[in-house]
$ cat model-v2.pdb   # PDB, C-alpha atoms
ATOM      1  CA  MET A 101      12.107  80.560  69.335
ATOM      2  CA  ALA A 102      11.328  84.188  68.426
ATOM      3  CA  GLU A 103       9.183  84.964  65.419
ATOM      4  CA  LYS A 104      11.050  85.892  62.249
ATOM      5  CA  PHE A 105      12.028  89.540  62.435
ATOM      6  CA  ASP A 106      13.055  91.785  59.535
ATOM      7  CA  TYR A 107      16.283  93.135  61.035
ATOM      8  CA  MET A 108      17.185  94.975  57.828
ATOM      9  CA  ALA A 109      14.049  97.125  58.129
ATOM     10  CA  VAL A 110      15.343  98.448  61.463
ATOM     11  CA  ILE A 111      18.833  99.005  60.073
ATOM     12  CA  ASP A 112      17.353 100.785  57.053
ATOM     13  CA  LYS A 113      15.292 103.045  59.336
ATOM     14  CA  TYR A 114      18.312 104.376  61.244
ATOM     15  CA  TYR A 115      21.224 103.999  58.809
ATOM     16  CA  PRO A 116      20.859 105.767  55.446
ATOM     17  CA  ALA A 117      22.147 103.980  52.377
ATOM     18  CA  GLY A 118      25.697 105.035  51.587
ATOM     19  CA  SER A 119      26.448 106.378  55.068
ATOM     20  CA  VAL A 120      29.781 105.569  56.696
ATOM     21  CA  ALA A 121      28.032 104.318  59.829
ATOM     22  CA  ARG A 122      25.868 101.914  57.821
ATOM     23  CA  GLY A 123      28.862 100.447  56.027
ATOM     24  CA  ILE A 124      30.748  99.936  59.271
ATOM     25  CA  LEU A 125      27.719  98.523  61.103
ATOM     26  CA  LEU A 126      26.902  96.074  58.315
ATOM     27  CA  THR A 127      30.501  94.902  57.850
ATOM     28  CA  HIS A 128      31.134  94.493  61.582
ATOM     29  CA  SER A 129      27.793  92.830  62.258
ATOM     30  CA  ARG A 130      28.067  90.471  59.272
ATOM     31  CA  ASN A 131      31.494  89.319  60.479
ATOM     32  CA  VAL A 132      30.138  88.764  64.002
ATOM     33  CA  ALA A 133      27.161  86.875  62.535
ATOM     34  CA  ASN A 134      29.380  84.673  60.366
ATOM     35  CA  LEU A 135      31.618  83.773  63.302
ATOM     36  CA  ALA A 136      28.648  83.104  65.596
ATOM     37  CA  LEU A 137      26.999  80.899  62.952
ATOM     38  CA  GLU A 138      30.271  79.012  62.415
ATOM     39  CA  ILE A 139      30.670  78.413  66.167
ATOM     40  CA  ALA A 140      27.030  77.342  66.533
ATOM     41  CA  ALA A 141      27.305  74.854  63.662
ATOM     42  CA  ARG A 142      30.626  73.414  64.827
ATOM     43  CA  ASN A 143      29.416  73.015  68.410
ATOM     44  CA  GLN A 144      25.902  71.916  67.381
ATOM     45  CA  LEU A 145      24.380  74.590  69.594
ATOM     46  CA  PRO A 146      20.600  74.345  70.020
ATOM     47  CA  LEU A 147      19.991  77.784  68.491
ATOM     48  CA  ASP A 148      18.046  78.869  65.409
ATOM     49  CA  PRO A 149      20.492  80.170  62.763
ATOM     50  CA  GLU A 150      18.007  82.909  61.782
ATOM     51  CA  GLU A 151      17.926  84.141  65.390
ATOM     52  CA  ILE A 152      21.723  84.074  65.577
ATOM     53  CA  GLU A 153      21.944  86.112  62.385
ATOM     54  CA  ALA A 154      19.334  88.669  63.479
ATOM     55  CA  ALA A 155      20.866  89.042  66.955
ATOM     56  CA  ALA A 156      24.332  89.559  65.497
ATOM     57  CA  MET A 157      23.128  92.018  62.872
ATOM     58  CA  LEU A 158      21.268  94.060  65.517
ATOM     59  CA  HIS A 159      23.616  93.902  68.501
ATOM     60  CA  ASP A 160      25.215  97.303  67.721
ATOM     61  CA  ILE A 161      22.166  99.081  66.254
ATOM     62  CA  GLY A 162      22.447 101.773  68.950
ATOM     63  CA  ILE A 163      25.829 103.153  67.843
ATOM     64  CA  VAL A 164      24.040 105.650  65.579
ATOM     65  CA  GLU A 165      23.023 107.758  68.601
ATOM     66  CA  THR A 166      26.534 107.864  70.078
ATOM     67  CA  ASP A 167      29.281 110.433  69.740
ATOM     68  CA  ALA A 168      31.686 108.275  67.739
ATOM     69  CA  SER A 169      32.711 110.302  64.711
ATOM     70  CA  GLY A 170      35.520 107.854  63.865
ATOM     71  CA  ILE A 171      32.860 105.346  62.812
ATOM     72  CA  GLY A 172      30.484 107.873  61.269
ATOM     73  CA  CYS A 173      28.192 108.273  64.284
ATOM     74  CA  PHE A 174      27.386 111.839  65.291
ATOM     75  CA  GLY A 175      24.938 111.448  68.174
ATOM     76  CA  THR A 176      25.297 112.893  71.640
ATOM     77  CA  GLU A 177      25.386 109.805  73.855
ATOM     78  CA  PRO A 178      28.592 108.219  75.199
ATOM     79  CA  TYR A 179      29.611 105.193  73.125
ATOM     80  CA  MET A 180      29.363 102.932  76.183
ATOM     81  CA  ARG A 181      25.587 103.441  76.090
ATOM     82  CA  HIS A 182      25.142 101.950  72.608
ATOM     83  CA  GLY A 183      23.808  98.688  74.032
ATOM     84  CA  VAL A 184      21.039 100.233  76.133
ATOM     85  CA  ILE A 185      20.237 102.640  73.298
ATOM     86  CA  GLY A 186      19.979  99.746  70.869
ATOM     87  CA  ALA A 187      17.723  97.830  73.238
ATOM     88  CA  ARG A 188      15.395 100.832  73.459
ATOM     89  CA  MET A 189      15.381 101.221  69.676
ATOM     90  CA  LEU A 190      14.526  97.555  69.171
ATOM     91  CA  ARG A 191      11.757  97.592  71.761
ATOM     92  CA  GLN A 192      10.257 100.645  70.060
ATOM     93  CA  ALA A 193      10.463  98.809  66.729
ATOM     94  CA  GLY A 194       8.567  95.844  68.170
ATOM     95  CA  ALA A 195      11.518  93.467  67.937
ATOM     96  CA  PRO A 196      11.447  90.263  69.972
ATOM     97  CA  GLU A 197      12.898  90.874  73.440
ATOM     98  CA  ILE A 198      15.726  88.389  72.846
ATOM     99  CA  TYR A 199      17.358  90.876  70.452
ATOM    100  CA  ALA A 200      17.012  93.820  72.853
ATOM    101  CA  ASP A 201      18.588  91.673  75.579
ATOM    102  CA  VAL A 202      21.551  90.857  73.317
ATOM    103  CA  CYS A 203      22.050  94.600  72.748
ATOM    104  CA  GLU A 204      22.087  95.339  76.470
ATOM    105  CA  ARG A 205      24.349  92.465  77.472
ATOM    106  CA  HIS A 206      26.992  92.088  74.749
ATOM    107  CA  THR A 207      29.621  94.675  75.771
ATOM    108  CA  GLY A 208      33.080  93.218  76.404
ATOM    109  CA  ALA A 209      32.597  89.965  78.282
ATOM    110  CA  GLY A 210      29.628  91.472  80.114
ATOM    111  CA  LEU A 211      29.549  93.989  82.957
ATOM    112  CA  THR A 212      28.400  93.592  86.542
ATOM    113  CA  ALA A 213      26.697  96.415  88.442
ATOM    114  CA  GLU A 214      29.817  96.637  90.617
ATOM    115  CA  GLU A 215      32.006  97.106  87.522
ATOM    116  CA  VAL A 216      29.644  99.775  86.188
ATOM    117  CA  ARG A 217      30.069 101.639  89.499
ATOM    118  CA  SER A 218      33.805 101.075  89.943
ATOM    119  CA  PHE A 219      34.661 102.060  86.352
ATOM    120  CA  GLY A 220      32.268 105.030  86.518
ATOM    121  CA  LEU A 221      30.465 103.910  83.366
ATOM    122  CA  PRO A 222      27.497 105.929  82.064
ATOM    123  CA  LEU A 223      25.049 103.069  82.675
ATOM    124  CA  ASP A 224      22.477 102.252  85.343
ATOM    125  CA  SER A 225      24.718 101.286  88.253
ATOM    126  CA  ASP A 226      22.077  99.081  89.866
ATOM    127  CA  ARG A 227      21.948  96.655  86.927
ATOM    128  CA  ASP A 228      24.093  93.865  85.598
ATOM    129  CA  TYR A 229      24.821  93.824  81.873
ATOM    130  CA  MET A 230      25.927  90.204  81.820
ATOM    131  CA  PRO A 231      25.039  87.836  78.965
ATOM    132  CA  ARG A 232      22.670  85.245  80.426
ATOM    133  CA  THR A 233      21.318  83.073  77.640
ATOM    134  CA  LEU A 234      23.246  80.904  75.218
ATOM    135  CA  LEU A 235      22.418  83.335  72.390
ATOM    136  CA  GLU A 236      23.582  86.354  74.415
ATOM    137  CA  ARG A 237      26.845  84.642  75.373
ATOM    138  CA  LEU A 238      27.485  83.531  71.779
ATOM    139  CA  ILE A 239      27.028  87.030  70.310
ATOM    140  CA  CYS A 240      29.025  88.604  73.152
ATOM    141  CA  TYR A 241      31.889  86.170  72.472
ATOM    142  CA  ALA A 242      31.888  86.502  68.677
ATOM    143  CA  ASP A 243      31.754  90.303  68.976
ATOM    144  CA  CYS A 244      35.037  90.303  70.902
ATOM    145  CA  PHE A 245      36.894  89.264  67.745
ATOM    146  CA  TYR A 246      35.866  92.258  65.606
ATOM    147  CA  SER A 247      36.103  96.014  66.144
ATOM    148  CA  LYS A 248      34.260  98.713  64.290
ATOM    149  CA  THR A 249      37.448 100.680  63.608
ATOM    150  CA  ARG A 250      38.826  97.736  61.593
ATOM    151  CA  PRO A 251      35.635  95.810  60.851
ATOM    152  CA  ASP A 252      37.150  93.337  58.391
ATOM    153  CA  GLU A 253      40.097  92.356  60.563
ATOM    154  CA  ARG A 254      39.561  89.392  62.859
ATOM    155  CA  LYS A 255      41.513  89.783  66.082
ATOM    156  CA  THR A 256      43.675  86.951  67.314
ATOM    157  CA  LEU A 257      42.788  85.269  70.580
ATOM    158  CA  GLU A 258      45.927  86.770  72.110
ATOM    159  CA  ARG A 259      44.857  90.276  71.108
ATOM    160  CA  VAL A 260      41.341  89.796  72.509
ATOM    161  CA  ARG A 261      42.742  88.441  75.777
ATOM    162  CA  ALA A 262      45.182  91.364  76.056
ATOM    163  CA  GLY A 263      42.310  93.809  75.589
ATOM    164  CA  MET A 264      40.270  92.079  78.277
ATOM    165  CA  ALA A 265      43.256  91.965  80.637
ATOM    166  CA  ARG A 266      43.555  95.767  80.460
ATOM    167  CA  HIS A 267      40.214  95.909  82.304
ATOM    168  CA  GLY A 268      41.259  93.508  85.036
ATOM    169  CA  GLU A 269      41.757  89.867  85.832
ATOM    170  CA  THR A 270      38.070  89.257  86.579
ATOM    171  CA  ILE A 271      37.032  90.389  83.108
ATOM    172  CA  LEU A 272      39.800  88.334  81.510
ATOM    173  CA  HIS A 273      38.620  85.243  83.424
ATOM    174  CA  ARG A 274      35.051  85.940  82.281
ATOM    175  CA  PHE A 275      36.207  86.076  78.645
ATOM    176  CA  ASP A 276      38.254  82.901  79.133
ATOM    177  CA  ALA A 277      35.087  81.139  80.344
ATOM    178  CA  LEU A 278      33.310  82.238  77.161
ATOM    179  CA  HIS A 279      36.279  80.993  75.140
ATOM    180  CA  ARG A 280      36.115  77.581  76.810
ATOM    181  CA  GLU A 281      32.389  77.459  76.044
ATOM    182  CA  PHE A 282      32.700  78.423  72.368
ATOM    183  CA  SER A 283      36.369  77.967  71.386
ATOM    184  CA  PRO A 284      36.421  79.127  67.732
ATOM    185  CA  GLU A 285      39.364  76.997  66.701
ATOM    186  CA  GLU A 286      40.891  73.648  67.442
ATOM    187  CA  GLU A 287      43.673  74.233  69.940
TER     188      GLU A 287
END

$ encode --input "model-v2.pdb" --output "structure tokens"
Amino acid sequence: MAEKFDYMAVIDKYYPAGSVARGILLTHSRNVANLALEIAARNQLPLDPEEIEAAAMLHDIGIVETDASGIGCFGTEPYMRHGVIGARMLRQAGAPEIYADVCERHTGAGLTAEEVRSFGLPLDSDRDYMPRTLLERLICYADCFYSKTRPDERKTLERVRAGMARHGETILHRFDALHREFSPEEE
């Protein structure tokens, strides 16, 4: 278990009060945290609720340095890099490594080095960005149900699956495996 970490201090450092980006980040991340906590409780996952909350609240911390004006972010980096940017930010802030790892490995249903290369993504093409731990997989999964363009709207399973399918059958199967692991609803 990681030591207690003041995730709001990091958010406060990079996201000024009243900014559009802060509002979107907090709304999106709170919804991801609530879903992850609900799944963890229902499935009796052996995870610390405080770690789940902190990981969920920090998973998108790096968006502030991306060029994503639609969500109030006016940086210069491609949006796809928000995970590695967030991991760097958290390491510099002295955050426990588990939170930096969640940042790096939460995008979509995870990305292999081969996918990074074949899709031409602006990431290190010799690395996998696949969620490995239970905490990383949980945050990755919960994140799939909320966007930052409509942060209060929970996507249906069908909509999430359709989005994954647009990136290929392998990615859809990877999401389906996460769904089987965490299934948010009785089916």

$ residues_around --input "model-v2.pdb" --residues "Glu138 in chain A" --least-positions-apart "6" --cutoff "10 Å" --atoms "only C-alpha atoms" --output "PyMOL selection string"
chain A and resi 132+144+149+242+284

$ closest_residue --input "model-v2.pdb" --among "A:Pro251, A:Gly263, A:Gly118, A:Gly208" --to "Ile239 in chain A" --atoms "only C-alpha atoms"
A:Gly208

$ residues_near_point --input "model-v2.pdb" --point "(35.1, 84.1, 82.4)" --cutoff "12 Å" --atoms "only C-alpha atoms" --output "NGL selection string"
:A and (208-211 or 230-231 or 237 or 240-241 or 261 or 264-265 or 268-282)

$ atom_distance --input "model-v2.pdb" --atom1 "CA of Leu147 in chain A" --atom2 "CA of Leu238 in chain A"
10.0 Å

$ closest_residue --input "model-v2.pdb" --among "A:His128, A:His159, A:Lys255, A:Lys248" --to "Tyr199 in chain A" --atoms "only C-alpha atoms"
A:His159

$ closest_residue --input "model-v2.pdb" --among "A:Asp167, A:Glu150, A:Glu177, A:Asp106" --to "Pro222 in chain A" --atoms "only C-alpha atoms"
A:Glu177

$ closest_residue --input "model-v2.pdb" --among "A:Leu257, A:Leu125, A:Ile171, A:Leu223" --to "Cys244 in chain A" --atoms "all atoms listed in the file"
A:Leu257

$ resolve_selection --input "model-v2.pdb" --expression "the PyMOL selection byres ((chain A and resi 158) around 8)" --output "count of residues only"
13

$ closest_residue --input "model-v2.pdb" --among "A:Asp243, A:Ile139, A:Arg217, A:Gly162" --to "Arg122 in chain A" --atoms "all atoms listed in the file"
A:Gly162

$ closest_residue --input "model-v2.pdb" --among "A:Asn134, A:Ser119, A:Thr176, A:Thr233" --to "Val202 in chain A" --atoms "only C-alpha atoms"
A:Thr233

$ atom_distance --input "model-v2.pdb" --atom1 "CA of Glu153 in chain A" --atom2 "CA of Leu221 in chain A"
28.8 Å

$ residues_around --input "model-v2.pdb" --residues "range 196-198 of chain A" --least-positions-apart "2" --cutoff "8 Å" --atoms "all atoms listed in the file" --output "VMD selection string"
chain A and resid 102 to 103 105 155 190 to 191 194 200 to 202
